[in-house]
file coords34.cif (mmCIF, C-alpha atoms and all ligand atoms)
data_structure
#
loop_
_atom_site.label_atom_id
_atom_site.label_comp_id
_atom_site.auth_asym_id
_atom_site.auth_seq_id
_atom_site.Cartn_x
_atom_site.Cartn_y
_atom_site.Cartn_z
CA MET A 17 -28.95 2.77 21.83
CA ASP A 18 -27.42 0.32 19.36
CA THR A 19 -23.92 -0.88 18.78
CA LEU A 20 -22.63 -0.63 15.23
CA LYS A 21 -20.35 -3.54 14.45
CA ILE A 22 -17.81 -3.07 11.66
CA SER A 23 -15.81 -5.94 10.24
CA ALA A 24 -13.53 -6.69 7.32
CA ASN A 25 -12.32 -9.88 5.75
CA ILE A 26 -8.55 -10.12 5.49
CA ILE A 27 -6.97 -13.09 3.75
CA LYS A 28 -3.77 -14.27 5.35
CA CYS A 29 -1.52 -16.42 3.22
CA VAL A 30 2.12 -17.32 2.76
CA HIS A 31 4.27 -16.37 -0.20
CA SER A 32 4.07 -19.81 -1.83
CA GLU A 33 0.28 -19.50 -2.06
CA LEU A 34 0.48 -16.44 -4.33
CA ASN A 35 0.31 -16.72 -8.09
CA LEU A 36 3.29 -15.73 -10.26
CA GLU A 37 1.95 -12.25 -10.97
CA GLU A 38 1.34 -11.56 -7.27
CA LYS A 39 4.86 -12.76 -6.43
CA GLU A 40 6.25 -10.27 -8.97
CA TRP A 41 4.25 -7.47 -7.34
CA ILE A 42 5.60 -8.43 -3.91
CA LYS A 43 9.13 -8.45 -5.29
CA ALA A 44 8.60 -4.99 -6.80
CA ALA A 45 7.48 -3.62 -3.41
CA CYS A 46 10.39 -5.32 -1.62
CA ASP A 47 12.88 -3.99 -4.19
CA ALA A 48 11.47 -0.48 -3.70
CA THR A 49 12.47 -0.55 -0.03
CA TYR A 50 16.09 -0.31 -1.17
CA ARG A 51 15.30 3.02 -2.85
CA SER A 52 13.87 4.50 0.36
CA TYR A 53 15.34 7.71 1.72
CA SER A 54 14.99 7.13 5.45
CA PRO A 55 18.11 8.35 7.25
CA TYR A 56 16.10 9.40 10.34
CA SER A 57 13.99 6.34 11.09
CA GLY A 58 15.98 3.66 9.29
CA PHE A 59 12.58 2.17 8.43
CA ARG A 60 12.46 1.52 4.70
CA VAL A 61 9.03 1.18 3.13
CA GLY A 62 8.41 0.17 -0.46
CA ALA A 63 5.12 0.24 -2.32
CA ALA A 64 4.14 -1.13 -5.69
CA MET A 65 1.02 -0.06 -7.53
CA VAL A 66 -0.68 -2.05 -10.24
CA LEU A 67 -2.66 -0.07 -12.79
CA GLU A 68 -5.05 -1.42 -15.39
CA GLY A 69 -3.08 -2.89 -18.25
CA SER A 70 -0.72 -4.54 -15.74
CA ILE A 71 1.42 -1.43 -15.42
CA VAL A 72 3.47 -1.68 -12.22
CA LEU A 73 4.97 1.43 -10.62
CA THR A 74 6.88 1.68 -7.37
CA GLY A 75 7.64 4.24 -4.71
CA SER A 76 9.39 4.40 -1.37
CA ASN A 77 9.21 6.54 1.74
CA GLN A 78 11.03 9.85 1.47
CA GLU A 79 11.99 11.40 4.79
CA ASN A 80 13.04 14.96 5.50
CA ALA A 81 14.77 16.76 8.35
CA ALA A 82 11.50 18.68 8.68
CA TYR A 83 9.52 15.51 9.45
CA PRO A 84 6.06 16.54 8.14
CA SER A 85 7.64 17.34 4.78
CA GLY A 86 8.42 13.69 4.16
CA MET A 87 6.11 11.31 2.34
CA CYS A 88 5.02 7.70 2.84
CA ALA A 89 5.82 5.12 0.17
CA GLU A 90 2.14 4.49 -0.50
CA ARG A 91 1.26 8.09 -1.29
CA THR A 92 4.52 8.58 -3.19
CA VAL A 93 3.57 5.86 -5.66
CA LEU A 94 -0.14 6.68 -5.69
CA PHE A 95 0.37 10.33 -6.57
CA TYR A 96 3.05 9.35 -9.07
CA ALA A 97 0.70 6.83 -10.72
CA ASN A 98 -2.21 9.25 -10.87
CA SER A 99 -0.08 12.06 -12.25
CA LEU A 100 1.56 9.84 -14.86
CA HIS A 101 -1.58 7.91 -15.89
CA PRO A 102 -4.60 9.93 -14.70
CA ASP A 103 -7.05 7.84 -16.72
CA LEU A 104 -5.87 4.39 -15.64
CA ARG A 105 -7.58 2.89 -12.64
CA VAL A 106 -5.55 1.52 -9.77
CA GLU A 107 -6.08 -2.19 -9.25
CA ALA A 108 -3.70 -3.08 -6.43
CA LEU A 109 -1.31 -1.64 -3.87
CA ILE A 110 1.45 -3.76 -2.37
CA VAL A 111 3.42 -2.66 0.70
CA ALA A 112 6.64 -4.06 2.18
CA ALA A 113 8.89 -2.68 4.90
CA ALA A 114 12.33 -3.35 6.31
CA ASP A 115 14.57 -2.14 9.08
CA GLY A 116 18.17 -2.88 9.95
CA ASP A 117 17.28 -6.53 10.50
CA GLY A 118 15.68 -7.00 7.08
CA PHE A 119 12.06 -7.28 6.04
CA THR A 120 9.53 -7.13 8.83
CA ASP A 121 8.11 -10.39 10.12
CA ASN A 122 4.61 -9.00 10.25
CA PRO A 123 2.83 -7.02 7.55
CA VAL A 124 2.97 -3.23 7.88
CA SER A 125 -0.25 -1.30 7.30
CA PRO A 126 -0.64 2.06 5.58
CA CYS A 127 -1.10 5.06 7.88
CA GLY A 128 -4.45 6.83 8.10
CA SER A 129 -3.53 9.52 5.57
CA CYS A 130 -2.49 6.92 3.01
CA ARG A 131 -5.71 5.00 3.60
CA GLN A 132 -7.72 8.15 2.96
CA VAL A 133 -5.86 8.90 -0.28
CA LEU A 134 -6.19 5.30 -1.41
CA LEU A 135 -9.91 5.34 -0.72
CA GLU A 136 -10.31 8.52 -2.79
CA CYS A 137 -8.59 6.69 -5.65
CA GLU A 138 -10.99 3.80 -5.28
CA VAL A 139 -14.01 6.13 -5.33
CA ARG A 140 -12.56 8.17 -8.20
CA PHE A 141 -12.32 5.18 -10.51
CA GLY A 142 -15.26 3.26 -9.06
CA TYR A 143 -13.11 0.20 -8.74
CA PRO A 144 -11.87 -1.59 -5.63
CA VAL A 145 -8.15 -1.46 -4.93
CA ARG A 146 -6.78 -4.74 -3.58
CA VAL A 147 -4.15 -4.24 -0.92
CA TYR A 148 -1.30 -6.69 -0.23
CA LEU A 149 0.67 -6.20 2.98
CA TYR A 150 3.87 -8.20 3.02
CA GLY A 151 5.58 -9.71 6.02
CA LYS A 152 8.03 -12.60 6.19
CA SER A 153 5.61 -14.55 8.37
CA GLY A 154 2.65 -13.97 6.08
CA ILE A 155 0.87 -11.71 3.67
CA TYR A 156 -2.45 -9.97 4.26
CA ILE A 157 -4.73 -9.42 1.28
CA ILE A 158 -7.55 -6.92 1.64
CA SER A 159 -10.03 -6.83 -1.25
CA SER A 160 -10.88 -3.13 -1.00
CA ALA A 161 -9.30 0.01 0.45
CA ARG A 162 -12.67 0.72 2.07
CA ASP A 163 -12.07 -2.23 4.39
CA LEU A 164 -9.00 -0.41 5.74
CA LEU A 165 -10.94 2.75 6.54
CA PRO A 166 -14.39 2.18 8.00
CA LEU A 167 -16.53 5.29 8.37
CA ALA A 168 -14.25 7.10 5.96
CA PHE A 169 -14.64 10.73 5.11
CA ASP A 170 -16.11 10.61 1.63
CA SER A 171 -17.20 13.69 -0.31
CA PHE A 172 -18.59 11.77 -3.28
ZN ZN B 1 1.18 6.79 5.01
#

call {"tool": "encode", "arguments": {"input": "coords34.cif", "output": "structure tokens"}}
result
Amino acid sequence: MDTLKISANIIKCVHSELNLEEKEWIKAACDATYRSYSPYSGFRVGAAMVLEGSIVLTGSNQENAAYPSGMCAERTVLFYANSLHPDLRVEALIVAAADGDGFTDNPVSPCGSCRQVLLECEVRFGYPVRVYLYGKSGIYIISSARDLLPLAFDSF
């Protein structure tokens, strides 16, 4: 019997270490939190998506009284991006979240379903999607969605 060890490299940095373009992406994700519809949880999530050609789109979580009918910010913007620009590859996803006290101190990670959808996007275009997870205390940068979902279900 062997043990399979899985690891991922995650860069942790502070906002001042980002370049100007990355700071704009973070701002876009943070701004999107204000467009969240989250009357039930009060947890506002914003996501920005960077497509090839430096096109930046945003989305936010959309809750519903029938909870499973709601949608995470990450999938909201990913499906929006792919339906609006089906031929443009996704280059980066940026996520920020806030509650009644403001933006979270620690980065918030996408849920399992969002990771699966993001990975499909990465496989579809054959291009890694960089993921930025924003928190006031620091920002995590993951170079590929695959690092967020080891042993992923992959039909390709
Ligand atoms: Zn999700």

call {"tool": "residues_around", "arguments": {"input": "coords34.cif", "residues": "A:Val61", "least_positions_apart": "2", "cutoff": "7 Å", "atoms": "all atoms listed in the file", "output": "VMD selection string"}}
result
chain A and resid 49 52 59 63 76 to 77 89 112 to 114

call {"tool": "closest_atom_pairs", "arguments": {"input": "coords34.cif", "of": "chain A", "to": "ligand ZN 1 (chain B)", "cutoff": "8 Å", "atoms": "all atoms listed in the file", "output": "CSV"}}
result
residue,atom,partner,partner_atom,distance
A:Met87,CA,B:ZN1,ZN,7.2
A:Cys88,CA,B:ZN1,ZN,4.5
A:Ala89,CA,B:ZN1,ZN,6.9
A:Glu90,CA,B:ZN1,ZN,6.0
A:Arg91,CA,B:ZN1,ZN,6.4
A:Pro126,CA,B:ZN1,ZN,5.1
A:Cys127,CA,B:ZN1,ZN,4.1
A:Gly128,CA,B:ZN1,ZN,6.4
A:Ser129,CA,B:ZN1,ZN,5.5
A:Cys130,CA,B:ZN1,ZN,4.2
A:Arg131,CA,B:ZN1,ZN,7.3

call {"tool": "closest_residue", "arguments": {"input": "coords34.cif", "among": "A:Val111, A:Met17, A:Cys137, A:Ala81", "to": "A:Lys43", "atoms": "all atoms listed in the file"}}
result
A:Val111

call {"tool": "closest_residue", "arguments": {"input": "coords34.cif", "among": "A:Gln78, A:Ser159, A:Thr120, A:Ser171", "to": "A:Ile27", "atoms": "all atoms listed in the file"}}
result
A:Ser159

call {"tool": "axis_aligned_box", "arguments": {"input": "coords34.cif", "around": "stretch 74-81 of chain A", "padding_each_side": "4 Å", "output": "AutoDock Vina command-line options"}}
result
--center_x 10.8 --center_y 9.2 --center_z 0.5 --size_x 15.9 --size_y 23.1 --size_z 23.7

call {"tool": "build_atoms", "arguments": {"input": "coords34.cif", "residues": "stretch 118-153 of chain A", "atoms": "N, CA and C atoms", "output": "PDB file, keeping the file's coordinate frame"}}
result
ATOM      1  N   GLY A 118      16.283  -6.422   8.282  1.00  0.00           N
ATOM      2  CA  GLY A 118      15.680  -7.000   7.080  1.00  0.00           C
ATOM      3  C   GLY A 118      14.182  -6.744   7.034  1.00  0.00           C
ATOM      4  N   PHE A 119      13.503  -7.477   6.186  1.00  0.00           N
ATOM      5  CA  PHE A 119      12.060  -7.280   6.040  1.00  0.00           C
ATOM      6  C   PHE A 119      11.344  -7.644   7.335  1.00  0.00           C
ATOM      7  N   THR A 120      10.279  -6.913   7.595  1.00  0.00           N
ATOM      8  CA  THR A 120       9.530  -7.130   8.830  1.00  0.00           C
ATOM      9  C   THR A 120       8.876  -8.519   8.835  1.00  0.00           C
ATOM     10  N   ASP A 121       8.786  -9.094  10.006  1.00  0.00           N
ATOM     11  CA  ASP A 121       8.110 -10.390  10.120  1.00  0.00           C
ATOM     12  C   ASP A 121       6.628 -10.250   9.828  1.00  0.00           C
ATOM     13  N   ASN A 122       6.044  -9.204  10.405  1.00  0.00           N
ATOM     14  CA  ASN A 122       4.610  -9.000  10.250  1.00  0.00           C
ATOM     15  C   ASN A 122       4.328  -7.931   9.197  1.00  0.00           C
ATOM     16  N   PRO A 123       3.192  -8.038   8.534  1.00  0.00           N
ATOM     17  CA  PRO A 123       2.830  -7.020   7.550  1.00  0.00           C
ATOM     18  C   PRO A 123       2.723  -5.643   8.192  1.00  0.00           C
ATOM     19  N   VAL A 124       3.076  -4.617   7.426  1.00  0.00           N
ATOM     20  CA  VAL A 124       2.970  -3.230   7.880  1.00  0.00           C
ATOM     21  C   VAL A 124       1.812  -2.579   7.132  1.00  0.00           C
ATOM     22  N   SER A 125       0.955  -1.910   7.884  1.00  0.00           N
ATOM     23  CA  SER A 125      -0.250  -1.300   7.300  1.00  0.00           C
ATOM     24  C   SER A 125      -0.020   0.155   6.936  1.00  0.00           C
ATOM     25  N   PRO A 126      -0.717   0.639   5.914  1.00  0.00           N
ATOM     26  CA  PRO A 126      -0.640   2.060   5.580  1.00  0.00           C
ATOM     27  C   PRO A 126      -1.171   2.922   6.724  1.00  0.00           C
ATOM     28  N   CYS A 127      -0.616   4.138   6.864  1.00  0.00           N
ATOM     29  CA  CYS A 127      -1.100   5.060   7.880  1.00  0.00           C
ATOM     30  C   CYS A 127      -2.489   5.603   7.481  1.00  0.00           C
ATOM     31  N   GLY A 128      -3.113   6.316   8.359  1.00  0.00           N
ATOM     32  CA  GLY A 128      -4.450   6.830   8.100  1.00  0.00           C
ATOM     33  C   GLY A 128      -4.524   7.748   6.894  1.00  0.00           C
ATOM     34  N   SER A 129      -3.523   8.613   6.720  1.00  0.00           N
ATOM     35  CA  SER A 129      -3.530   9.520   5.570  1.00  0.00           C
ATOM     36  C   SER A 129      -3.442   8.745   4.261  1.00  0.00           C
ATOM     37  N   CYS A 130      -2.607   7.724   4.226  1.00  0.00           N
ATOM     38  CA  CYS A 130      -2.490   6.920   3.010  1.00  0.00           C
ATOM     39  C   CYS A 130      -3.789   6.164   2.737  1.00  0.00           C
ATOM     40  N   ARG A 131      -4.431   5.698   3.784  1.00  0.00           N
ATOM     41  CA  ARG A 131      -5.710   5.000   3.600  1.00  0.00           C
ATOM     42  C   ARG A 131      -6.738   5.944   2.996  1.00  0.00           C
ATOM     43  N   GLN A 132      -6.774   7.178   3.472  1.00  0.00           N
ATOM     44  CA  GLN A 132      -7.720   8.150   2.960  1.00  0.00           C
ATOM     45  C   GLN A 132      -7.468   8.445   1.480  1.00  0.00           C
ATOM     46  N   VAL A 133      -6.204   8.616   1.115  1.00  0.00           N
ATOM     47  CA  VAL A 133      -5.860   8.900  -0.280  1.00  0.00           C
ATOM     48  C   VAL A 133      -6.176   7.687  -1.159  1.00  0.00           C
ATOM     49  N   LEU A 134      -5.894   6.519  -0.650  1.00  0.00           N
ATOM     50  CA  LEU A 134      -6.190   5.300  -1.410  1.00  0.00           C
ATOM     51  C   LEU A 134      -7.691   5.141  -1.622  1.00  0.00           C
ATOM     52  N   LEU A 135      -8.458   5.450  -0.602  1.00  0.00           N
ATOM     53  CA  LEU A 135      -9.910   5.340  -0.720  1.00  0.00           C
ATOM     54  C   LEU A 135     -10.438   6.327  -1.779  1.00  0.00           C
ATOM     55  N   GLU A 136      -9.895   7.533  -1.789  1.00  0.00           N
ATOM     56  CA  GLU A 136     -10.310   8.520  -2.790  1.00  0.00           C
ATOM     57  C   GLU A 136     -10.050   7.973  -4.202  1.00  0.00           C
ATOM     58  N   CYS A 137      -8.935   7.288  -4.355  1.00  0.00           N
ATOM     59  CA  CYS A 137      -8.590   6.690  -5.650  1.00  0.00           C
ATOM     60  C   CYS A 137      -9.615   5.617  -6.019  1.00  0.00           C
ATOM     61  N   GLU A 138     -10.004   4.851  -5.045  1.00  0.00           N
ATOM     62  CA  GLU A 138     -10.990   3.800  -5.280  1.00  0.00           C
ATOM     63  C   GLU A 138     -12.333   4.405  -5.694  1.00  0.00           C
ATOM     64  N   VAL A 139     -12.746   5.449  -5.020  1.00  0.00           N
ATOM     65  CA  VAL A 139     -14.010   6.130  -5.330  1.00  0.00           C
ATOM     66  C   VAL A 139     -13.913   6.800  -6.695  1.00  0.00           C
ATOM     67  N   ARG A 140     -12.775   7.441  -6.946  1.00  0.00           N
ATOM     68  CA  ARG A 140     -12.560   8.170  -8.200  1.00  0.00           C
ATOM     69  C   ARG A 140     -12.760   7.283  -9.420  1.00  0.00           C
ATOM     70  N   PHE A 141     -12.226   6.074  -9.358  1.00  0.00           N
ATOM     71  CA  PHE A 141     -12.320   5.180 -10.510  1.00  0.00           C
ATOM     72  C   PHE A 141     -13.475   4.187 -10.393  1.00  0.00           C
ATOM     73  N   GLY A 142     -14.148   4.183  -9.241  1.00  0.00           N
ATOM     74  CA  GLY A 142     -15.260   3.260  -9.060  1.00  0.00           C
ATOM     75  C   GLY A 142     -14.841   1.817  -9.158  1.00  0.00           C
ATOM     76  N   TYR A 143     -13.674   1.547  -8.603  1.00  0.00           N
ATOM     77  CA  TYR A 143     -13.110   0.200  -8.740  1.00  0.00           C
ATOM     78  C   TYR A 143     -12.338  -0.124  -7.466  1.00  0.00           C
ATOM     79  N   PRO A 144     -12.576  -1.277  -6.877  1.00  0.00           N
ATOM     80  CA  PRO A 144     -11.870  -1.590  -5.630  1.00  0.00           C
ATOM     81  C   PRO A 144     -10.367  -1.771  -5.843  1.00  0.00           C
ATOM     82  N   VAL A 145      -9.605  -1.291  -4.890  1.00  0.00           N
ATOM     83  CA  VAL A 145      -8.150  -1.460  -4.930  1.00  0.00           C
ATOM     84  C   VAL A 145      -7.798  -2.572  -3.944  1.00  0.00           C
ATOM     85  N   ARG A 146      -7.250  -3.657  -4.452  1.00  0.00           N
ATOM     86  CA  ARG A 146      -6.780  -4.740  -3.580  1.00  0.00           C
ATOM     87  C   ARG A 146      -5.486  -4.296  -2.907  1.00  0.00           C
ATOM     88  N   VAL A 147      -5.336  -4.642  -1.663  1.00  0.00           N
ATOM     89  CA  VAL A 147      -4.150  -4.240  -0.920  1.00  0.00           C
ATOM     90  C   VAL A 147      -3.433  -5.497  -0.413  1.00  0.00           C
ATOM     91  N   TYR A 148      -2.142  -5.579  -0.692  1.00  0.00           N
ATOM     92  CA  TYR A 148      -1.300  -6.690  -0.230  1.00  0.00           C
ATOM     93  C   TYR A 148      -0.303  -6.104   0.766  1.00  0.00           C
ATOM     94  N   LEU A 149      -0.283  -6.649   1.962  1.00  0.00           N
ATOM     95  CA  LEU A 149       0.670  -6.200   2.980  1.00  0.00           C
ATOM     96  C   LEU A 149       1.624  -7.352   3.261  1.00  0.00           C
ATOM     97  N   TYR A 150       2.882  -7.119   2.939  1.00  0.00           N
ATOM     98  CA  TYR A 150       3.870  -8.200   3.020  1.00  0.00           C
ATOM     99  C   TYR A 150       4.584  -8.245   4.364  1.00  0.00           C
ATOM    100  N   GLY A 151       4.735  -9.446   4.871  1.00  0.00           N
ATOM    101  CA  GLY A 151       5.580  -9.710   6.020  1.00  0.00           C
ATOM    102  C   GLY A 151       6.211 -11.078   5.802  1.00  0.00           C
ATOM    103  N   LYS A 152       7.367 -11.307   6.408  1.00  0.00           N
ATOM    104  CA  LYS A 152       8.030 -12.600   6.190  1.00  0.00           C
ATOM    105  C   LYS A 152       7.187 -13.756   6.721  1.00  0.00           C
ATOM    106  N   SER A 153       6.412 -13.474   7.769  1.00  0.00           N
ATOM    107  CA  SER A 153       5.610 -14.550   8.370  1.00  0.00           C
ATOM    108  C   SER A 153       4.280 -14.759   7.647  1.00  0.00           C
TER     109      SER A 153
END
